[in-house]
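K.L.:
The structure that follows is given in the form of structure tokens.
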Amino acid sequence: MSDLVVDVRDLTRRFGSFVAVDRVSFQIPRGTIFGFLGPNGAGKSTTIRMLLGILPVSEGEGRVLGFDIRTSSEEIRARVGYMSQRFSLYEDLTVLENLHFFGGVFGLSGARLDQKVRDLVEMTRLEGFEQQLAQGLPGGIRQRLALAASLLHDPEIVFLDEPTGAVDPALRRYFWERIAELSASGRTVMVTSHYMDEVERCHDICFIHHGRILAQGSPGLLKSRHLPGEMWQVRTPVRAEVAAHLSRVPGVSGAFPSGEMVRYLLDPGFDPAAPAAALSASGLTCSAPEPAEPTLEDVFVALSRKRGAS
Amino acid sequence: MIPHRLLAIIRKEFVQMRRDRLTLAMMLLLPFVQLVVFGLAINTDVKHVPMAVLDYSQSSESRRLIQSFTNSDYFDVVAWPRDTREISDLIDSGSLKVGLVIDPDYARDVRAGRVARAQVLVDASDPITASSTLSNSAGIANILGVQLLGRYLRPGTPFTPPEMPVQIDVRGWFNPDLLTANYIVPGLIGVILSMTMMMITAMAIVKERETGTLEQLITTPIKTWELMIGKIVPYVLMGYTQMTIALLVGIYGFHVPVRGSLLLMYALTLVYIGCYLGLGLVISTVARTQQQAMQMAFFLFLPTILLSGFMFPRAGMPEWVQILTLVIPLTYYLEIMRGIVLKGVGLVALWRWVAPMMALMVAILGIAMLRFKKRLD
Ligand SMILES: Nc1ncnc2c1ncn2[C@@H]1O[C@H](COP(=O)(O)OP(=O)(O)OP(=O)(O)O)[C@@H](O)[C@H]1O
Ligand SMILES: [Mg+2]
């Protein structure tokens with residue numbers, strides 16, 4: 001078998017005349033973490049659902065673990081784990097009942113099932129919650145339970161649809177540690193998110209917007225290809241004004257507020273002193289510009305601007 | 001050997017059923033409450049009901065029938081009108097509750113051993129009088145019929161009584177439908193089962209769709225048939241429990257006789273339950289929300305009770321409606337239940353109802369199977 005565990009070409013999904021996923025192509029090598037990044041309604045969940053045969057494909061083709069996604073969903077499902085975006089375990093079952101049930105439908109039974117459930121309870125730190133109904137559990141614990149349920153059958157690939165959508169930073173860190181562990185143990189992880197910062201940890205990233213892929217590649221590659229210049233930042237309380245002012249300076253190709261900063265990209269060959277001079281001449285309150293590490297958010301802003309301009 | 005996956009589904013379904021105390025209690029109380037309500041409404045005996053008699057037969061046979069009515073204490077003859085028009089006027093005016101009309105051929109039919117007929121017209125706007133008139137008239141006809149049957153029995157001659165020799169059709173004025181406990185209990189069991197089985201399956205699956213658990217379930221290797229069977233099995237048991245409760249209330253509360261085989265009744269009920277569980281599955285493939293599922297179940301439920309013969313006799317319906325009733329499982333189940341409970345007949349006599357009901361079940365489950373896909377959308 002080739003070492004691409006997911007290989008899709010021109011995958012398209014329509015709902016009526018609305019194109020939710022538009023000719024999407026990507027490949028995921030075994031053992032890597034693949035980040036699927038995009039804003040709300042970009043088509044992330046729809047793509048994953050097509051990979052698992054939950055939604056039929058409108059056009060295009062794809063293979064998961066070598067199986068055709070249009071005809072061999074059952075073979076695929078037996079080998080992959082899925083944690084859907086919405087909590088989708090049984091609210092009226094306890095933590096253990098949920099795990100035993102899903103273990104059962106994955107064909108586990110007896111001592112093997114018990115052992116597996118014990119391991120996962122430990123790994124996802126659910127001790128103490130075993131006998132509680134899923135209904136009353138706090139969001140973070142429900143997410144961990146859902147993760148555990150998706151790993152019961154030792155899947156080769158795990159699809160995690162926004163596992164960190166609405167959880168606190170500590171839990172986000174927890175999830176990314178688990179994702180790294182899964183990858184280290186040879187499993188492939190496809191994870192969707194709309195947080196730019198966390199997907200820095202992915203081996204490969206795919207930006208999707210309005211159903212189309214804007215860019216894909218490793219974080220390093222994306223930055224070097226789409227941010228041809230240096231990133232700078234200034235600290236200021238009047239971010240909108242500073243950003244507007246900066247974008248009029250020659251050589252500054254994108255200025256946007258980010259946190260307490262305004263970040264901007266200085267095109268190659270331009271003098272970093274020019275924006276600084278322009279700012280101090282403007283009389284706006286701000287710190288002196290300092291060089292900044294380029295981030296994926298910068299890439300995304302640059303990409304959006306390019307699309308807006310073209 | 002039952003696959004683990006199937007067992008897992010069944011076990012889960014039971015745990016959920018147990019946890020939803022309210023629904024469980026309602027399901028189990030429903031047959032009890034329904035029967036008691038219906039039973040109390042129809043079991044009141046009313047005596048000395050004023051009756052008019054219109055005897056077209058004018059024979060000793062017809063006088064014997066009239067005598068059976070007056071001897072029963074239930075009816076007092078107060079008028080001898082000349083035509084049915086006069087009876088209806090009397091009933092309309094409220095001075096009379098019941099009219100007995102004896103066919104001109106009555107005596108001839110009795111002598112010839114054919115089914116002899118008479119009609120009872122009753123003011124059904126008074127349901128208590130009406131229903132007790134119905135049961136009492138039927139009782140009178142039965143007693144008389146048995147006496148007449150005795151006359152045909154001669155040693156050595158093969159004897160197959162066609163039906164009860166005296167049949168009294170009771171027709172309600174204002175409300176063409178009449179009820180008796182013996183008649184209603186078997187039917188009510190069918191009605192309760194149809195509603196709860198259809199509703200509960202449809203809801204159970206649509207709920208999984210609504211809450212998103214179906215999406216998770218779809219991504220497991222469970223087979224469509226395992227999912228369907230796993231969902232159905234616990235509800236079959238629920239249906240049997242309901243039926244048993246209803247039957248016990250009927251037998252001990254309302255003295256409904258069960259003349260036929262209980263084993264046969266339970267066996268054939270499985271086919272019937274299968275029909276409505278299948279319909280529930282079909283609904284679940286169409287409905288997107290629990291509310292829609294509920295509405296669709298009601299939509300199917302109405303024709304079920306109105307057209308199956310539970311409320312109104314099918315014989316009185318226009319022909320095209322009668323054809324329509326042939327796709328309603330309750331139509332057959334009513335005949336089967338009334339046959340087993342009241343007539344005590346066996347599978348051979350019931351086969352003409354059992355066969356089409358089985359065909360319906362196969363068709364419905366087939367459609368459910370075809371429509372039930374492991375997919376969203
Ligand atoms: N079953 C459906 N019927 C109609 N439209 C749908 C359906 N499912 C999704 N869509 C639409 O397709 C688009 C893509 O949806 P999708 O859920 O894939 O986005 P997403 O990237 O996962 O967004 P989010 O971050 O909000 O989860 C959205 O505009 C959504 O409204
Ligand atoms: Mg989504």
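We label chains A, B, ... in the order they appear in the structure tokens, count residues from 1 in each chain, and number ligands from 1 in the order shown.
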Select the residues contacting ligand 2 at a distance of at most 10 Å, based on only C-alpha atoms and all ligand atoms, then format the selection as a PyMOL selection string.
P.N.:
chain A and resi 38-49+84-86+161-162+165+192-194
K.L.:
Quick one: contact table of chain B to chain A, 7 Å max, nearest atom pair and distance in Å to one decimal per residue, counting only C-alpha atoms, chain and number order, as a tab-separated table?
P.N.:
```
residue	atom	partner	partner_atom	distance
B:His4	CA	A:Gly107	CA	5.9
B:Arg5	CA	A:Val105	CA	4.2
B:Ala8	CA	A:Gly104	CA	5.2
B:Lys12	CA	A:Phe101	CA	6.6
B:Gln16	CA	A:Asp92	CA	6.5
B:Thr211	CA	A:Ser88	CA	6.7
B:Gly212	CA	A:Ser88	CA	4.9
B:Thr213	CA	A:Ser88	CA	4.5
B:Gln216	CA	A:Ser88	CA	6.2
B:Ile218	CA	A:Ile54	CA	6.8
B:Thr219	CA	A:Arg77	CA	5.5
B:Thr220	CA	A:Arg77	CA	5.9
B:Pro221	CA	A:Ala78	CA	5.4
B:Ile222	CA	A:Val105	CA	5.9
B:Arg375	CA	A:Ile54	CA	4.7
B:Leu376	CA	A:Ile54	CA	5.7
B:Asp377	CA	A:Leu55	CA	6.7
```
K.L.:
Find, counting only C-alpha atoms, the residue in B:Ile205, B:Met317, B:Met357, B:Leu100 that gets nearest to B:Ser68.
P.N.:
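Of all the options, B:Leu100 lies closest to B:Ser68.
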K.L.:
Output as a ChimeraX atom specification all residues of stretch 65-297 of chain A that backbone DSSP marks as alpha helix (DSSP H).
P.N.:
/A:73-77,95-105,110-123,139-150,169-184,219-226,239-247,273-282,296-297
K.L.:
Excluding A:Leu65 and any residue of its chain fewer than 5 positions from it, enumerate the residues within 12 Å of it, using only C-alpha atoms, and give them as a list of chain:residue names.
P.N.:
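The residues satisfying every condition are A:Met1, A:Ser2, A:Asp3, A:Leu4, A:Val5, A:Val6, A:Asp7, A:Val8, A:Gln27, A:Ile28, A:Pro29, A:Arg30, A:Leu51, A:Leu52, A:Ser72, A:Ser73, A:Glu75, A:Ile76, A:Arg77, A:Ala78, A:Arg79, A:Val80, A:Pro155, A:Glu156, A:Ile157, A:Val158, A:Arg187, A:Thr188.
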K.L.:
DSSP on the backbone, strand (DSSP E or B) only: what residues of stretch 164-310 of chain A does that give? Format it as a JSON list (two decimals) with N, CA, C and O atoms, in the first residue's frame.
P.N.:
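For reference, result-v2.json as written:
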```json
[["chain", "number", "residue", "atom", "x", "y", "z"],
["A", 188, "THR", "N", -2.23, 8.38, 11.96],
["A", 188, "THR", "CA", -2.40, 9.61, 11.21],
["A", 188, "THR", "C", -3.55, 10.38, 11.82],
["A", 188, "THR", "O", -4.55, 9.78, 12.22],
["A", 189, "VAL", "N", -3.41, 11.68, 11.92],
["A", 189, "VAL", "CA", -4.48, 12.47, 12.51],
["A", 189, "VAL", "C", -4.87, 13.57, 11.53],
["A", 189, "VAL", "O", -4.01, 14.30, 11.02],
["A", 190, "MET", "N", -6.16, 13.66, 11.25],
["A", 190, "MET", "CA", -6.65, 14.80, 10.48],
["A", 190, "MET", "C", -7.50, 15.61, 11.44],
["A", 190, "MET", "O", -8.46, 15.10, 12.01],
["A", 191, "VAL", "N", -7.13, 16.87, 11.64],
["A", 191, "VAL", "CA", -7.82, 17.67, 12.65],
["A", 191, "VAL", "C", -8.26, 18.99, 12.02],
["A", 191, "VAL", "O", -7.51, 19.60, 11.26],
["A", 192, "THR", "N", -9.50, 19.37, 12.28],
["A", 192, "THR", "CA", -9.95, 20.66, 11.76],
["A", 192, "THR", "C", -9.94, 21.68, 12.90],
["A", 192, "THR", "O", -10.01, 21.33, 14.07],
["A", 193, "SER", "N", -9.84, 22.93, 12.50],
["A", 193, "SER", "CA", -9.74, 23.97, 13.51],
["A", 193, "SER", "C", -9.98, 25.31, 12.84],
["A", 193, "SER", "O", -9.87, 25.44, 11.63],
["A", 204, "ASP", "N", 1.27, 19.18, 8.05],
["A", 204, "ASP", "CA", 0.75, 19.78, 6.84],
["A", 204, "ASP", "C", -0.54, 20.52, 7.15],
["A", 204, "ASP", "O", -1.28, 20.11, 8.04],
["A", 205, "ILE", "N", -0.78, 21.55, 6.39],
["A", 205, "ILE", "CA", -1.96, 22.35, 6.63],
["A", 205, "ILE", "C", -2.65, 22.62, 5.32],
["A", 205, "ILE", "O", -2.02, 22.75, 4.27],
["A", 206, "CYS", "N", -3.95, 22.69, 5.40],
["A", 206, "CYS", "CA", -4.73, 23.01, 4.22],
["A", 206, "CYS", "C", -5.67, 24.14, 4.63],
["A", 206, "CYS", "O", -6.44, 23.99, 5.57],
["A", 207, "PHE", "N", -5.57, 25.26, 3.95],
["A", 207, "PHE", "CA", -6.50, 26.36, 4.21],
["A", 207, "PHE", "C", -7.71, 26.19, 3.32],
["A", 207, "PHE", "O", -7.56, 26.11, 2.10],
["A", 208, "ILE", "N", -8.88, 26.17, 3.91],
["A", 208, "ILE", "CA", -10.07, 26.05, 3.07],
["A", 208, "ILE", "C", -11.01, 27.20, 3.39],
["A", 208, "ILE", "O", -11.14, 27.63, 4.54],
["A", 209, "HIS", "N", -11.61, 27.73, 2.32],
["A", 209, "HIS", "CA", -12.47, 28.90, 2.48],
["A", 209, "HIS", "C", -13.55, 28.82, 1.40],
["A", 209, "HIS", "O", -13.24, 28.62, 0.24],
["A", 212, "ARG", "N", -13.24, 26.05, -1.04],
["A", 212, "ARG", "CA", -12.07, 25.89, -1.91],
["A", 212, "ARG", "C", -10.79, 25.91, -1.09],
["A", 212, "ARG", "O", -10.70, 26.61, -0.09],
["A", 213, "ILE", "N", -9.81, 25.19, -1.56],
["A", 213, "ILE", "CA", -8.52, 25.22, -0.89],
["A", 213, "ILE", "C", -7.74, 26.45, -1.36],
["A", 213, "ILE", "O", -7.56, 26.66, -2.56],
["A", 214, "LEU", "N", -7.33, 27.26, -0.40],
["A", 214, "LEU", "CA", -6.58, 28.46, -0.76],
["A", 214, "LEU", "C", -5.10, 28.15, -0.86],
["A", 214, "LEU", "O", -4.39, 28.69, -1.70],
["A", 215, "ALA", "N", -4.62, 27.33, 0.04],
["A", 215, "ALA", "CA", -3.20, 27.01, 0.04],
["A", 215, "ALA", "C", -2.99, 25.76, 0.87],
["A", 215, "ALA", "O", -3.79, 25.46, 1.76],
["A", 216, "GLN", "N", -1.93, 25.04, 0.57],
["A", 216, "GLN", "CA", -1.59, 23.93, 1.44],
["A", 216, "GLN", "C", -0.10, 23.67, 1.44],
["A", 216, "GLN", "O", 0.60, 24.01, 0.50],
["A", 217, "GLY", "N", 0.35, 23.05, 2.53],
["A", 217, "GLY", "CA", 1.76, 22.76, 2.67],
["A", 217, "GLY", "C", 2.14, 22.76, 4.14],
["A", 217, "GLY", "O", 1.28, 22.94, 4.99],
["A", 230, "GLU", "N", 9.40, 40.52, 5.42],
["A", 230, "GLU", "CA", 9.57, 40.39, 6.86],
["A", 230, "GLU", "C", 8.31, 40.84, 7.57],
["A", 230, "GLU", "O", 7.69, 41.81, 7.16],
["A", 231, "MET", "N", 8.00, 40.16, 8.65],
["A", 231, "MET", "CA", 6.87, 40.58, 9.47],
["A", 231, "MET", "C", 7.39, 41.54, 10.53],
["A", 231, "MET", "O", 8.43, 41.32, 11.14],
["A", 232, "TRP", "N", 6.61, 42.59, 10.72],
["A", 232, "TRP", "CA", 6.93, 43.55, 11.77],
["A", 232, "TRP", "C", 5.68, 43.78, 12.60],
["A", 232, "TRP", "O", 4.56, 43.52, 12.15],
["A", 233, "GLN", "N", 5.92, 44.31, 13.80],
["A", 233, "GLN", "CA", 4.74, 44.66, 14.59],
["A", 233, "GLN", "C", 5.00, 45.89, 15.45],
["A", 233, "GLN", "O", 6.13, 46.18, 15.84],
["A", 234, "VAL", "N", 3.90, 46.64, 15.71],
["A", 234, "VAL", "CA", 3.98, 47.76, 16.66],
["A", 234, "VAL", "C", 2.85, 47.59, 17.67],
["A", 234, "VAL", "O", 1.79, 47.07, 17.35],
["A", 235, "ARG", "N", 3.13, 48.01, 18.90],
["A", 235, "ARG", "CA", 2.11, 47.97, 19.94],
["A", 235, "ARG", "C", 1.41, 49.32, 19.97],
["A", 235, "ARG", "O", 2.06, 50.36, 19.95],
["A", 252, "VAL", "N", 4.71, 48.36, 2.38],
["A", 252, "VAL", "CA", 3.92, 47.63, 3.38],
["A", 252, "VAL", "C", 2.75, 46.99, 2.64],
["A", 252, "VAL", "O", 1.93, 47.68, 2.05],
["A", 253, "SER", "N", 2.74, 45.64, 2.62],
["A", 253, "SER", "CA", 1.72, 45.03, 1.77],
["A", 253, "SER", "C", 0.51, 44.56, 2.57],
["A", 253, "SER", "O", -0.52, 44.29, 2.01],
["A", 254, "GLY", "N", 0.61, 44.44, 3.85],
["A", 254, "GLY", "CA", -0.59, 44.05, 4.57],
["A", 254, "GLY", "C", -0.44, 44.48, 6.01],
["A", 254, "GLY", "O", 0.53, 44.13, 6.66],
["A", 255, "ALA", "N", -1.34, 45.30, 6.51],
["A", 255, "ALA", "CA", -1.27, 45.70, 7.91],
["A", 255, "ALA", "C", -2.60, 45.35, 8.54],
["A", 255, "ALA", "O", -3.65, 45.68, 8.00],
["A", 256, "PHE", "N", -2.55, 44.63, 9.65],
["A", 256, "PHE", "CA", -3.82, 44.27, 10.27],
["A", 256, "PHE", "C", -3.65, 44.18, 11.78],
["A", 256, "PHE", "O", -2.56, 43.87, 12.28],
["A", 257, "PRO", "N", -4.70, 44.49, 12.52],
["A", 257, "PRO", "CA", -4.61, 44.41, 13.98],
["A", 257, "PRO", "C", -4.60, 42.95, 14.42],
["A", 257, "PRO", "O", -5.26, 42.11, 13.81],
["A", 258, "SER", "N", -3.83, 42.67, 15.44],
["A", 258, "SER", "CA", -3.79, 41.32, 15.99],
["A", 258, "SER", "C", -3.49, 41.45, 17.48],
["A", 258, "SER", "O", -2.39, 41.85, 17.85],
["A", 261, "MET", "N", -1.46, 44.33, 19.07],
["A", 261, "MET", "CA", -0.47, 44.76, 18.07],
["A", 261, "MET", "C", -1.15, 45.09, 16.75],
["A", 261, "MET", "O", -2.27, 44.71, 16.49],
["A", 262, "VAL", "N", -0.36, 45.80, 15.93],
["A", 262, "VAL", "CA", -0.67, 45.83, 14.51],
["A", 262, "VAL", "C", 0.51, 45.18, 13.82],
["A", 262, "VAL", "O", 1.67, 45.53, 14.07],
["A", 263, "ARG", "N", 0.20, 44.15, 12.99],
["A", 263, "ARG", "CA", 1.28, 43.44, 12.29],
["A", 263, "ARG", "C", 1.28, 43.88, 10.84],
["A", 263, "ARG", "O", 0.23, 44.18, 10.27],
["A", 264, "TYR", "N", 2.47, 43.91, 10.25],
["A", 264, "TYR", "CA", 2.50, 44.22, 8.83],
["A", 264, "TYR", "C", 3.65, 43.51, 8.14],
["A", 264, "TYR", "O", 4.63, 43.13, 8.76],
["A", 265, "LEU", "N", 3.46, 43.32, 6.86],
["A", 265, "LEU", "CA", 4.46, 42.62, 6.05],
["A", 265, "LEU", "C", 5.21, 43.66, 5.24],
["A", 265, "LEU", "O", 4.59, 44.46, 4.52],
["A", 266, "LEU", "N", 6.52, 43.62, 5.38],
["A", 266, "LEU", "CA", 7.34, 44.55, 4.63],
["A", 266, "LEU", "C", 7.92, 43.81, 3.44],
["A", 266, "LEU", "O", 8.64, 42.81, 3.60],
["A", 290, "GLU", "N", 9.03, 46.49, 15.74],
["A", 290, "GLU", "CA", 10.03, 45.46, 16.02],
["A", 290, "GLU", "C", 9.76, 44.28, 15.09],
["A", 290, "GLU", "O", 8.61, 44.04, 14.71],
["A", 291, "PRO", "N", 10.77, 43.53, 14.72],
["A", 291, "PRO", "CA", 10.56, 42.37, 13.84],
["A", 291, "PRO", "C", 9.73, 41.31, 14.57],
["A", 291, "PRO", "O", 9.85, 41.17, 15.78],
["A", 292, "ALA", "N", 8.88, 40.59, 13.82],
["A", 292, "ALA", "CA", 8.03, 39.58, 14.44],
["A", 292, "ALA", "C", 8.19, 38.25, 13.71],
["A", 292, "ALA", "O", 8.52, 38.21, 12.52]]
```
